[in-house]
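Structure first, then comments.
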Amino acid sequence: MCATAVAAQQAAQRDQVLSSYEIVPEPTAQVAQPPTVEEVRQRPSRDAHAAAVDPRWARRTATAAGIPLPALTAYARASMLAPEGCRIGWTTLAGIGWVESQHGTIGDRTLGRDGHSSRPILGPALDGRDFAAVPSTPESATWHGDAKWDHAVGPMQFIPSTWHTWRADGDGDGVADPNDIDDAARAAAGYLCRSGDLMSGDTWSRAIFSYNHSADYVLNVYSAADTYAGRTS
């Protein structure tokens with residue numbers, strides 16, 4: 001999906017569906033075509049090895065949605081591993097992934113099978129001009145290399161301090177890395193799920209708004225998520 005398509009979808013839905021971020025319903029078929037019981041191998045523990053997304057479902061859904069296979073797999077696994085009672089759909093994570101980095105492919109990057117983009121994805125310096133001023137720390141600088149100001153990092157654009165709180169290992173490799181879409185998607189799910197059950201429209205809206213305090217951002221994520229739901233339903 002190109003940026004033009006996202007904008008067109010957003011404009012078409014804005015007046016008839018969304019009057020403010022507070023009343024955004026969950027995207028249509030928010031858990032559109034999830035892996036069925038037969039398609040998912042589930043073990044008792046809820047770690048990254050406990051949820052394996054069926055590769056046939058993943059390939060079929062990634063093709064229909066127009067999402068890179070590693071990203072689609074990461075979103076689906078993160079949805080499966082979300083905290084009990086949250087019910088976050090993979091399409092919600094895909095909506096954020098598109099808005100933040102086009103699923104790790106922004107700027108002619110490619111997303112590898114290992115979940116890493118061909119080049120690191122860094123947001124602008126958080127120096128107070130376009131966002132709050134967030135000074136770098138020695139720990140955060142290890143992610144972005146700027147000794148003065150923090151930057152959002154990776155395909156889901158985590159600020160290092162937020163990553164420190166919500167970091168997660170989404171693929172079971174023993175490392176929590178915001179540049180790995182598996183880890184970033186699972187961390188994003190955990191962050192969003194603190195708001196509650198995302199099958200509630202009000203809760204969904206609050207959760208997305210908490211990720212980026214902008215009503216337009218909520219609209220953009222909704223539009224992308226709803227587009228993916230429509231493509232795969």
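Letters A, B, ... mark the chains of the structure tokens in the order given; residue numbers begin at 1 per chain; ligand numbers begin at 1, in order shown.
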
(message) Which residues are close to A:Arg167, i.e. within 10 Å by only C-alpha atoms, leaving aside same-chain residues fewer than 6 positions away? Reply as a PyMOL selection string.
(response) chain A and resi 158+160-161+175-178+183-188+190-191

(request) Identify, with DSSP run on backbone atoms, the residues in stretch 104-221 of chain A assigned to alpha helix (DSSP H), and express the list as a PyMOL selection string. (result) chain A and resi 138-144+160-166+181-193+201-211+215-221

Go ahead and dump the residues you just picked, N, CA and C atoms, as a short mmCIF file (atom, residue, chain, number, x, y, z; two decimals), in the first residue's frame.
```cif
data_model
loop_
_atom_site.label_atom_id
_atom_site.label_comp_id
_atom_site.auth_asym_id
_atom_site.auth_seq_id
_atom_site.Cartn_x
_atom_site.Cartn_y
_atom_site.Cartn_z
N PRO A 138 23.83 7.74 28.03
CA PRO A 138 24.78 6.75 27.49
C PRO A 138 24.09 5.47 27.04
N GLU A 139 23.06 5.05 27.78
CA GLU A 139 22.35 3.83 27.40
C GLU A 139 21.56 4.03 26.11
N SER A 140 20.81 5.14 26.02
CA SER A 140 19.99 5.35 24.83
C SER A 140 20.84 5.60 23.60
N ALA A 141 21.99 6.21 23.79
CA ALA A 141 22.86 6.49 22.64
C ALA A 141 23.36 5.22 21.98
N THR A 142 23.35 4.11 22.70
CA THR A 142 23.78 2.86 22.07
C THR A 142 22.82 2.44 20.97
N TRP A 143 21.57 2.95 21.01
CA TRP A 143 20.60 2.59 19.98
C TRP A 143 20.67 3.51 18.77
N HIS A 144 21.02 4.78 19.00
CA HIS A 144 20.95 5.73 17.88
C HIS A 144 22.24 6.49 17.60
N PRO A 160 13.86 5.52 23.30
CA PRO A 160 14.62 4.58 24.13
C PRO A 160 14.09 4.40 25.55
N SER A 161 13.63 5.48 26.19
CA SER A 161 13.13 5.34 27.56
C SER A 161 11.87 4.48 27.60
N THR A 162 11.02 4.61 26.57
CA THR A 162 9.83 3.77 26.50
C THR A 162 10.22 2.33 26.22
N TRP A 163 11.20 2.16 25.34
CA TRP A 163 11.67 0.81 25.06
C TRP A 163 12.22 0.16 26.31
N HIS A 164 12.93 0.91 27.12
CA HIS A 164 13.51 0.35 28.34
C HIS A 164 12.41 -0.24 29.23
N THR A 165 11.26 0.40 29.26
CA THR A 165 10.15 -0.06 30.10
C THR A 165 9.41 -1.24 29.48
N TRP A 166 9.22 -1.21 28.16
CA TRP A 166 8.34 -2.17 27.51
C TRP A 166 9.06 -3.17 26.62
N ILE A 181 11.72 -6.24 14.14
CA ILE A 181 10.27 -6.03 14.11
C ILE A 181 9.52 -7.05 14.97
N ASP A 182 10.09 -8.23 15.17
CA ASP A 182 9.47 -9.21 16.07
C ASP A 182 9.41 -8.68 17.49
N ASP A 183 10.53 -8.15 17.96
CA ASP A 183 10.60 -7.61 19.31
C ASP A 183 9.78 -6.33 19.43
N ALA A 184 9.89 -5.47 18.43
CA ALA A 184 9.18 -4.19 18.48
C ALA A 184 7.67 -4.38 18.46
N ALA A 185 7.19 -5.33 17.66
CA ALA A 185 5.75 -5.57 17.59
C ALA A 185 5.23 -6.10 18.92
N ARG A 186 5.97 -7.02 19.53
CA ARG A 186 5.51 -7.55 20.82
C ARG A 186 5.54 -6.47 21.89
N ALA A 187 6.57 -5.63 21.88
CA ALA A 187 6.62 -4.53 22.85
C ALA A 187 5.48 -3.55 22.63
N ALA A 188 5.17 -3.27 21.37
CA ALA A 188 4.06 -2.36 21.06
C ALA A 188 2.74 -2.93 21.56
N ALA A 189 2.56 -4.23 21.39
CA ALA A 189 1.33 -4.86 21.89
C ALA A 189 1.23 -4.72 23.40
N GLY A 190 2.32 -4.96 24.10
CA GLY A 190 2.31 -4.81 25.55
C GLY A 190 1.99 -3.39 25.98
N TYR A 191 2.60 -2.43 25.28
CA TYR A 191 2.35 -1.02 25.60
C TYR A 191 0.89 -0.66 25.38
N LEU A 192 0.33 -1.06 24.25
CA LEU A 192 -1.06 -0.74 23.94
C LEU A 192 -2.03 -1.43 24.88
N CYS A 193 -1.70 -2.65 25.28
CA CYS A 193 -2.61 -3.44 26.09
C CYS A 193 -2.73 -2.93 27.52
N GLY A 201 -14.10 0.09 21.25
CA GLY A 201 -13.70 1.23 20.43
C GLY A 201 -13.05 2.34 21.22
N ASP A 202 -13.62 2.69 22.38
CA ASP A 202 -13.05 3.76 23.20
C ASP A 202 -11.66 3.38 23.69
N THR A 203 -11.51 2.14 24.14
CA THR A 203 -10.20 1.70 24.62
C THR A 203 -9.19 1.67 23.49
N TRP A 204 -9.61 1.19 22.33
CA TRP A 204 -8.72 1.18 21.17
C TRP A 204 -8.22 2.58 20.86
N SER A 205 -9.13 3.54 20.86
CA SER A 205 -8.77 4.92 20.55
C SER A 205 -7.78 5.47 21.57
N ARG A 206 -8.05 5.24 22.85
CA ARG A 206 -7.15 5.73 23.89
C ARG A 206 -5.78 5.09 23.76
N ALA A 207 -5.75 3.81 23.45
CA ALA A 207 -4.47 3.11 23.35
C ALA A 207 -3.63 3.68 22.21
N ILE A 208 -4.24 3.88 21.05
CA ILE A 208 -3.48 4.42 19.92
C ILE A 208 -3.05 5.85 20.20
N PHE A 209 -3.93 6.64 20.82
CA PHE A 209 -3.58 8.02 21.16
C PHE A 209 -2.41 8.05 22.14
N SER A 210 -2.34 7.07 23.04
CA SER A 210 -1.23 7.04 23.99
C SER A 210 0.09 6.74 23.29
N TYR A 211 0.02 6.06 22.16
CA TYR A 211 1.24 5.73 21.41
C TYR A 211 1.82 6.96 20.75
N ALA A 215 -4.60 13.26 17.24
CA ALA A 215 -5.84 12.71 16.69
C ALA A 215 -5.64 12.26 15.26
N ASP A 216 -4.83 12.99 14.50
CA ASP A 216 -4.55 12.57 13.12
C ASP A 216 -3.83 11.23 13.08
N TYR A 217 -2.96 11.01 14.06
CA TYR A 217 -2.26 9.73 14.12
C TYR A 217 -3.26 8.59 14.32
N VAL A 218 -4.23 8.79 15.20
CA VAL A 218 -5.24 7.77 15.43
C VAL A 218 -6.01 7.49 14.14
N LEU A 219 -6.36 8.54 13.42
CA LEU A 219 -7.06 8.38 12.15
C LEU A 219 -6.23 7.59 11.15
N ASN A 220 -4.95 7.92 11.07
CA ASN A 220 -4.07 7.24 10.11
C ASN A 220 -3.92 5.76 10.44
N VAL A 221 -3.75 5.44 11.72
CA VAL A 221 -3.62 4.04 12.12
C VAL A 221 -4.93 3.31 11.86
#
```

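Here the question is which of A:Arg109, A:His103, A:Lys148, A:Arg87 gets nearest to A:Asp197 using only C-alpha atoms, and that residue is A:Arg87.
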
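Residues in contact with A:Leu122 at up to 9 Å, not including ones fewer than 5 positions away on its chain and judged by only C-alpha atoms, are His144, His151, Ala152, Val153, Gly154, Pro155 and Gln157 of chain A.
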
Do you know which residues are at most 12 Å from A:Thr110 counting only C-alpha atoms, after dropping those on the same chain fewer than 5 positions away, and could you put them as an mmCIF file with N, CA and C atoms, in the first residue's frame?
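As a result, part.cif now contains:
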```cif
data_model
loop_
_atom_site.group_PDB
_atom_site.id
_atom_site.type_symbol
_atom_site.label_atom_id
_atom_site.label_comp_id
_atom_site.auth_asym_id
_atom_site.auth_seq_id
_atom_site.Cartn_x
_atom_site.Cartn_y
_atom_site.Cartn_z
ATOM 1 N N ILE A 67 1.759 -6.791 2.875
ATOM 2 C CA ILE A 67 2.690 -6.562 3.980
ATOM 3 C C ILE A 67 3.844 -7.544 3.844
ATOM 4 N N PRO A 68 5.091 -7.120 4.074
ATOM 5 C CA PRO A 68 6.197 -8.077 4.033
ATOM 6 C C PRO A 68 5.948 -9.246 4.981
ATOM 7 N N LEU A 69 6.277 -10.439 4.538
ATOM 8 C CA LEU A 69 6.001 -11.633 5.331
ATOM 9 C C LEU A 69 6.597 -11.568 6.735
ATOM 10 N N PRO A 70 7.862 -11.128 6.918
ATOM 11 C CA PRO A 70 8.384 -11.075 8.285
ATOM 12 C C PRO A 70 7.582 -10.135 9.185
ATOM 13 N N ALA A 71 7.081 -9.048 8.621
ATOM 14 C CA ALA A 71 6.297 -8.108 9.421
ATOM 15 C C ALA A 71 4.947 -8.703 9.790
ATOM 16 N N SER A 101 6.712 3.204 9.852
ATOM 17 C CA SER A 101 7.898 2.901 9.022
ATOM 18 C C SER A 101 7.588 2.113 7.764
ATOM 19 N N GLN A 102 6.313 2.042 7.387
ATOM 20 C CA GLN A 102 5.937 1.206 6.243
ATOM 21 C C GLN A 102 6.489 -0.218 6.413
ATOM 22 N N HIS A 103 6.292 -0.720 7.630
ATOM 23 C CA HIS A 103 6.705 -2.085 7.985
ATOM 24 C C HIS A 103 8.211 -2.294 7.803
ATOM 25 N N GLY A 104 8.978 -1.275 8.181
ATOM 26 C CA GLY A 104 10.430 -1.402 8.105
ATOM 27 C C GLY A 104 11.019 -1.184 6.734
ATOM 28 N N THR A 105 10.214 -0.711 5.781
ATOM 29 C CA THR A 105 10.706 -0.540 4.409
ATOM 30 C C THR A 105 10.805 0.919 3.988
ATOM 31 N N GLY A 115 13.859 -10.013 10.510
ATOM 32 C CA GLY A 115 13.090 -8.949 11.137
ATOM 33 C C GLY A 115 13.780 -7.608 11.188
ATOM 34 N N HIS A 116 14.972 -7.510 10.631
ATOM 35 C CA HIS A 116 15.720 -6.257 10.625
ATOM 36 C C HIS A 116 15.639 -5.582 9.260
ATOM 37 N N SER A 117 15.553 -4.260 9.284
ATOM 38 C CA SER A 117 15.582 -3.496 8.048
ATOM 39 C C SER A 117 17.002 -3.448 7.503
ATOM 40 N N SER A 118 17.091 -3.217 6.204
ATOM 41 C CA SER A 118 18.405 -3.191 5.560
ATOM 42 C C SER A 118 19.274 -2.051 6.081
ATOM 43 N N ARG A 119 18.653 -0.998 6.577
ATOM 44 C CA ARG A 119 19.363 0.087 7.258
ATOM 45 C C ARG A 119 18.566 0.462 8.498
ATOM 46 N N PRO A 120 19.236 0.872 9.579
ATOM 47 C CA PRO A 120 18.503 1.252 10.791
ATOM 48 C C PRO A 120 17.524 2.388 10.512
ATOM 49 N N ILE A 121 16.428 2.387 11.238
ATOM 50 C CA ILE A 121 15.408 3.427 11.102
ATOM 51 C C ILE A 121 15.445 4.296 12.354
ATOM 52 N N PRO A 155 11.384 -0.048 13.561
ATOM 53 C CA PRO A 155 10.180 -0.036 12.729
ATOM 54 C C PRO A 155 8.921 0.423 13.442
#
```
